[in-house]
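Peer 1: target.cif (mmCIF, C-alpha atoms) pasted underneath:
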```cif
data_data
#
loop_
_atom_site.group_PDB
_atom_site.id
_atom_site.type_symbol
_atom_site.label_atom_id
_atom_site.label_comp_id
_atom_site.auth_asym_id
_atom_site.auth_seq_id
_atom_site.Cartn_x
_atom_site.Cartn_y
_atom_site.Cartn_z
ATOM 1 C CA MET A 25 92.969 117.266 74.367
ATOM 2 C CA PRO A 26 93.186 115.167 71.170
ATOM 3 C CA ARG A 27 91.853 111.620 71.245
ATOM 4 C CA LYS A 28 93.794 108.776 69.642
ATOM 5 C CA ASN A 29 90.743 106.605 69.044
ATOM 6 C CA SER A 30 87.139 107.092 68.079
ATOM 7 C CA VAL A 31 85.613 106.726 71.557
ATOM 8 C CA SER A 32 82.446 108.780 71.862
ATOM 9 C CA GLU A 33 82.411 111.917 73.987
ATOM 10 C CA GLY A 34 79.454 110.469 75.898
ATOM 11 C CA LEU A 35 81.444 107.406 76.937
ATOM 12 C CA ILE A 36 84.400 109.564 77.982
ATOM 13 C CA ASP A 37 82.067 111.752 80.045
ATOM 14 C CA SER A 38 80.499 108.674 81.641
ATOM 15 C CA VAL A 39 83.893 107.205 82.599
ATOM 16 C CA ALA A 40 84.969 110.553 84.060
ATOM 17 C CA GLN A 41 81.748 110.833 86.070
ATOM 18 C CA ASN A 42 81.992 107.253 87.323
ATOM 19 C CA LEU A 43 85.585 107.831 88.430
ATOM 20 C CA PHE A 44 84.503 110.979 90.237
ATOM 21 C CA LEU A 45 81.810 109.006 92.055
ATOM 22 C CA ALA A 46 83.957 105.921 92.724
ATOM 23 C CA LEU A 47 87.016 107.556 94.273
ATOM 24 C CA PRO A 48 85.417 108.533 97.597
ATOM 25 C CA ILE A 49 83.799 105.099 97.805
ATOM 26 C CA PHE A 50 87.164 103.390 97.329
ATOM 27 C CA ARG A 51 88.879 105.605 99.904
ATOM 28 C CA LYS A 52 86.273 105.506 102.643
ATOM 29 C CA ARG A 53 84.040 102.493 102.227
ATOM 30 C CA LEU A 54 86.177 99.881 100.537
ATOM 31 C CA LEU A 55 89.727 100.554 101.665
ATOM 32 C CA HIS A 56 89.304 102.405 104.949
ATOM 33 C CA MET A 57 92.825 103.740 104.454
ATOM 34 C CA ASP A 58 92.221 106.324 107.176
ATOM 35 C CA VAL A 59 91.722 103.464 109.659
ATOM 36 C CA ILE A 60 94.791 101.621 108.410
ATOM 37 C CA GLN A 61 96.975 104.742 108.463
ATOM 38 C CA ARG A 62 95.793 105.580 111.968
ATOM 39 C CA GLU A 63 96.256 102.003 113.226
ATOM 40 C CA PHE A 64 99.672 101.358 111.667
ATOM 41 C CA ASN A 65 100.987 104.909 111.118
ATOM 42 C CA VAL A 66 102.035 103.916 107.597
ATOM 43 C CA PRO A 67 100.992 106.022 104.574
ATOM 44 C CA LEU A 68 99.381 104.262 101.617
ATOM 45 C CA SER A 69 102.399 104.983 99.410
ATOM 46 C CA HIS A 70 104.625 103.096 101.871
ATOM 47 C CA VAL A 71 102.236 100.154 101.945
ATOM 48 C CA GLN A 72 102.217 100.112 98.129
ATOM 49 C CA VAL A 73 106.035 99.966 97.992
ATOM 50 C CA MET A 74 106.209 97.184 100.577
ATOM 51 C CA ALA A 75 103.484 95.205 98.791
ATOM 52 C CA MET A 76 105.194 95.615 95.432
ATOM 53 C CA LEU A 77 108.550 94.471 96.820
ATOM 54 C CA HIS A 78 106.948 91.561 98.653
ATOM 55 C CA ASP A 79 104.895 90.419 95.653
ATOM 56 C CA ASN A 80 107.483 91.054 92.905
ATOM 57 C CA GLY A 81 110.837 90.779 94.659
ATOM 58 C CA PRO A 82 113.653 93.299 95.014
ATOM 59 C CA MET A 83 113.879 96.106 92.458
ATOM 60 C CA ASN A 84 115.733 99.325 91.842
ATOM 61 C CA VAL A 85 114.379 102.776 92.652
ATOM 62 C CA SER A 86 113.708 103.552 88.984
ATOM 63 C CA GLU A 87 111.525 100.452 88.653
ATOM 64 C CA ILE A 88 109.614 101.296 91.840
ATOM 65 C CA SER A 89 109.110 104.825 90.530
ATOM 66 C CA ARG A 90 107.920 103.595 87.143
ATOM 67 C CA ARG A 91 105.504 101.008 88.514
ATOM 68 C CA LEU A 92 103.909 103.384 91.013
ATOM 69 C CA GLY A 93 103.886 106.350 88.668
ATOM 70 C CA ILE A 94 105.675 108.486 91.252
ATOM 71 C CA ALA A 95 108.596 110.699 90.221
ATOM 72 C CA LYS A 96 111.986 109.266 91.161
ATOM 73 C CA PRO A 97 112.917 112.276 93.352
ATOM 74 C CA ASN A 98 109.761 111.607 95.390
ATOM 75 C CA ILE A 99 110.503 107.892 95.772
ATOM 76 C CA THR A 100 113.926 108.423 97.367
ATOM 77 C CA PRO A 101 112.655 110.073 100.596
ATOM 78 C CA LEU A 102 109.868 107.484 100.760
ATOM 79 C CA ILE A 103 112.455 104.680 100.563
ATOM 80 C CA ASP A 104 114.602 106.499 103.144
ATOM 81 C CA ARG A 105 111.653 106.562 105.562
ATOM 82 C CA LEU A 106 110.963 102.854 104.993
ATOM 83 C CA ILE A 107 114.659 102.147 105.673
ATOM 84 C CA ALA A 108 114.532 104.224 108.871
ATOM 85 C CA ASP A 109 111.506 102.170 109.959
ATOM 86 C CA GLN A 110 113.468 98.981 109.082
ATOM 87 C CA PHE A 111 110.765 97.892 106.624
ATOM 88 C CA VAL A 112 113.069 97.813 103.570
ATOM 89 C CA GLU A 113 116.777 97.802 102.869
ATOM 90 C CA ARG A 114 118.923 99.241 100.117
ATOM 91 C CA ARG A 115 121.939 97.347 98.772
ATOM 92 C CA ARG A 116 124.196 97.304 95.738
ATOM 93 C CA ASP A 117 123.391 94.877 92.942
ATOM 94 C CA GLU A 118 125.872 91.984 92.955
ATOM 95 C CA HIS A 119 126.146 92.040 89.152
ATOM 96 C CA ASP A 120 126.232 95.806 88.623
ATOM 97 C CA ARG A 121 127.660 97.750 91.564
ATOM 98 C CA ARG A 122 126.270 100.998 90.109
ATOM 99 C CA MET A 123 122.724 99.715 90.595
ATOM 100 C CA VAL A 124 121.005 100.059 93.989
ATOM 101 C CA ILE A 125 118.392 97.439 94.824
ATOM 102 C CA VAL A 126 115.611 97.830 97.390
ATOM 103 C CA SER A 127 114.131 94.788 99.105
ATOM 104 C CA ILE A 128 111.631 94.258 101.880
ATOM 105 C CA CYS A 129 112.940 93.254 105.324
ATOM 106 C CA PRO A 130 111.334 90.734 107.677
ATOM 107 C CA LEU A 131 109.851 93.570 109.765
ATOM 108 C CA GLY A 132 108.363 95.035 106.575
ATOM 109 C CA VAL A 133 106.841 91.682 105.648
ATOM 110 C CA GLU A 134 105.394 91.373 109.157
ATOM 111 C CA ARG A 135 103.853 94.872 109.010
ATOM 112 C CA LEU A 136 102.535 94.285 105.485
ATOM 113 C CA MET A 137 100.849 91.047 106.579
ATOM 114 C CA GLU A 138 99.252 92.869 109.522
ATOM 115 C CA ILE A 139 97.949 95.560 107.169
ATOM 116 C CA ARG A 140 96.668 93.001 104.660
ATOM 117 C CA ASP A 141 94.946 91.101 107.464
ATOM 118 C CA MET A 142 93.230 94.289 108.625
ATOM 119 C CA MET A 143 92.192 95.125 105.061
ATOM 120 C CA GLN A 144 90.748 91.648 104.729
ATOM 121 C CA GLU A 145 88.796 92.136 107.964
ATOM 122 C CA LEU A 146 87.498 95.514 106.777
ATOM 123 C CA VAL A 147 86.431 94.038 103.434
ATOM 124 C CA ALA A 148 84.748 91.140 105.230
ATOM 125 C CA GLU A 149 82.756 93.645 107.327
ATOM 126 C CA TRP A 150 81.210 95.464 104.372
ATOM 127 C CA ALA A 151 81.119 92.434 102.063
ATOM 128 C CA VAL A 152 78.321 90.900 104.152
ATOM 129 C CA THR A 153 76.008 93.504 102.595
ATOM 130 C CA LEU A 154 76.652 92.005 99.143
ATOM 131 C CA SER A 155 75.424 88.771 97.663
ATOM 132 C CA ALA A 156 77.965 86.209 96.521
ATOM 133 C CA SER A 157 77.288 87.156 92.892
ATOM 134 C CA GLU A 158 77.733 90.891 93.645
ATOM 135 C CA LEU A 159 81.007 90.211 95.450
ATOM 136 C CA LYS A 160 82.217 88.095 92.533
ATOM 137 C CA GLU A 161 81.190 90.853 90.091
ATOM 138 C CA LEU A 162 83.062 93.448 92.178
ATOM 139 C CA ASN A 163 86.156 91.249 92.262
ATOM 140 C CA GLU A 164 86.069 90.751 88.479
ATOM 141 C CA SER A 165 85.516 94.485 87.945
ATOM 142 C CA LEU A 166 88.541 95.308 90.081
ATOM 143 C CA ARG A 167 90.618 92.794 88.112
ATOM 144 C CA THR A 168 89.463 94.417 84.893
ATOM 145 C CA ILE A 169 90.322 97.899 86.175
ATOM 146 C CA THR A 170 93.782 96.716 87.185
ATOM 147 C CA ARG A 171 94.364 94.944 83.873
ATOM 148 C CA VAL A 172 93.066 97.712 81.621
ATOM 149 C CA LEU A 173 94.503 100.690 83.458
ATOM 150 C CA GLY A 174 97.741 98.894 84.299
ATOM 151 C CA ALA A 175 98.335 98.125 80.630
ATOM 152 C CA THR A 176 97.299 101.637 79.571
ATOM 153 C CA LEU A 177 99.569 103.354 82.084
ATOM 154 C CA GLN A 178 102.433 101.016 81.180
ATOM 155 C CA GLN A 179 102.076 101.826 77.458
ATOM 156 C CA LYS A 180 101.912 105.553 78.190
ATOM 157 C CA LYS A 181 105.135 105.463 80.202
ATOM 158 C CA GLU A 182 106.945 103.505 77.502
ATOM 159 C CA THR A 183 106.129 106.075 74.807
#
```
For this file, write the structure as structure tokens.
Peer 2:
Amino acid sequence: MPRKNSVSEGLIDSVAQNLFLALPIFRKRLLHMDVIQREFNVPLSHVQVMAMLHDNGPMNVSEISRRLGIAKPNITPLIDRLIADQFVERRRDEHDRRMVIVSICPLGVERLMEIRDMMQELVAEWAVTLSASELKELNESLRTITRVLGATLQQKKET
């Protein structure tokens, strides 16, 4: 695969190895998504959609698809399931009747807050093993990951 910049192979290999090592840690130790899915019977992809709608406001299916990096045909059944669960609703845009807008419902907000509360409790449980400076470093690292990869993925989709 051609590289657009002059990043060393060693650095690329190191990033790949660190990702390989970090993914299981994120899934099991940090996020405990298995616990959350079992407790709330809501897949991570559904939680991501509800969180995005809650934090950013209503948006169309194409925007949800683009932001999550999930193909539009795969988003539609996900949205349908969230509608069936009464977590989100679909409506026509007032300004452009051709456009369908998805927004989170009060029940969706309630469930999302329950999930976020549980995630906060789970983080609080393992965070006691870290010093304040380690926790701050982790938080800043996660912000950096979100900023760097979010911008990179956004640029890739726009090209």
Peer 1: Using atom CA of Thr170 of chain A and atom CA of Ala151 of chain A as the two end points, give the distance in Å to one decimal.
Peer 2: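 Here the two named atoms are 20.0 Å from each other.
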Peer 1: Determine, counting all atoms listed in the file, which protein, DNA and RNA residues have an atom within 10 Å of an atom of segment 56-69 of chain A; residues of the same chain fewer than 5 positions away are not included. Present the result as an mmCIF file with C-alpha atoms, keeping the file's coordinate frame.
Peer 2:
```
data_model
loop_
_atom_site.group_PDB
_atom_site.id
_atom_site.type_symbol
_atom_site.label_atom_id
_atom_site.label_comp_id
_atom_site.auth_asym_id
_atom_site.auth_seq_id
_atom_site.Cartn_x
_atom_site.Cartn_y
_atom_site.Cartn_z
ATOM 1 C CA ILE A 49 83.799 105.099 97.805
ATOM 2 C CA PHE A 50 87.164 103.390 97.329
ATOM 3 C CA ARG A 51 88.879 105.605 99.904
ATOM 4 C CA MET A 74 106.209 97.184 100.577
ATOM 5 C CA ALA A 75 103.484 95.205 98.791
ATOM 6 C CA LEU A 92 103.909 103.384 91.013
ATOM 7 C CA ILE A 94 105.675 108.486 91.252
ATOM 8 C CA ILE A 99 110.503 107.892 95.772
ATOM 9 C CA LEU A 102 109.868 107.484 100.760
ATOM 10 C CA LEU A 106 110.963 102.854 104.993
ATOM 11 C CA ASP A 109 111.506 102.170 109.959
ATOM 12 C CA ARG A 135 103.853 94.872 109.010
ATOM 13 C CA LEU A 136 102.535 94.285 105.485
ATOM 14 C CA GLU A 138 99.252 92.869 109.522
ATOM 15 C CA ILE A 139 97.949 95.560 107.169
ATOM 16 C CA ARG A 140 96.668 93.001 104.660
ATOM 17 C CA MET A 142 93.230 94.289 108.625
ATOM 18 C CA MET A 143 92.192 95.125 105.061
ATOM 19 C CA LEU A 146 87.498 95.514 106.777
ATOM 20 C CA VAL A 147 86.431 94.038 103.434
#
```
Peer 1: If you apply the PyMOL selection byres ((chain A and resi 85) around 9) to this file, what residues do you get, as an MDAnalysis selection string?
Peer 2: chainID A and resid 83:84 86:90 96 99:100 103 124:126
Peer 1: In Å, how far is it from atom CA of Gln110 of chain A to atom CA of Gln144 of chain A?
Peer 2: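 According to the coordinates, atom CA of Gln110 of chain A and atom CA of Gln144 of chain A are separated by 24.3 Å.
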Peer 1: Quote the spacing between atom CA of Gln72 of chain A and atom CA of Gln41 of chain A in Å to one decimal place.
Peer 2: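 Computed distance, atom CA of Gln72 of chain A to atom CA of Gln41 of chain A, equals 26.1 Å.
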Peer 1: At most 12 Å from (86.2, 92.4, 94.9), file frame, all atoms listed in the file: which residues, as a ChimeraX atom specification?
Peer 2: /A:50,54-55,144,147-148,150-151,154-170
Peer 1: Would you mind telling me which residue in A:Leu35, A:Val73, A:Ala46, A:Met123 lies nearest to Asp104 of chain A when using all atoms listed in the file?
Peer 2: A:Val73
Peer 1: Hey, could you pull the box centre and edge lengths for segment 83-95 of chain A, axis-aligned, 5 Å padding per side, all listed atoms, to one decimal in Å, as lines of an AutoDock Vina configuration file?
Peer 2:
```
center_x = 109.8
center_y = 103.4
center_z = 89.9
size_x = 21.8
size_y = 24.6
size_z = 15.5
```
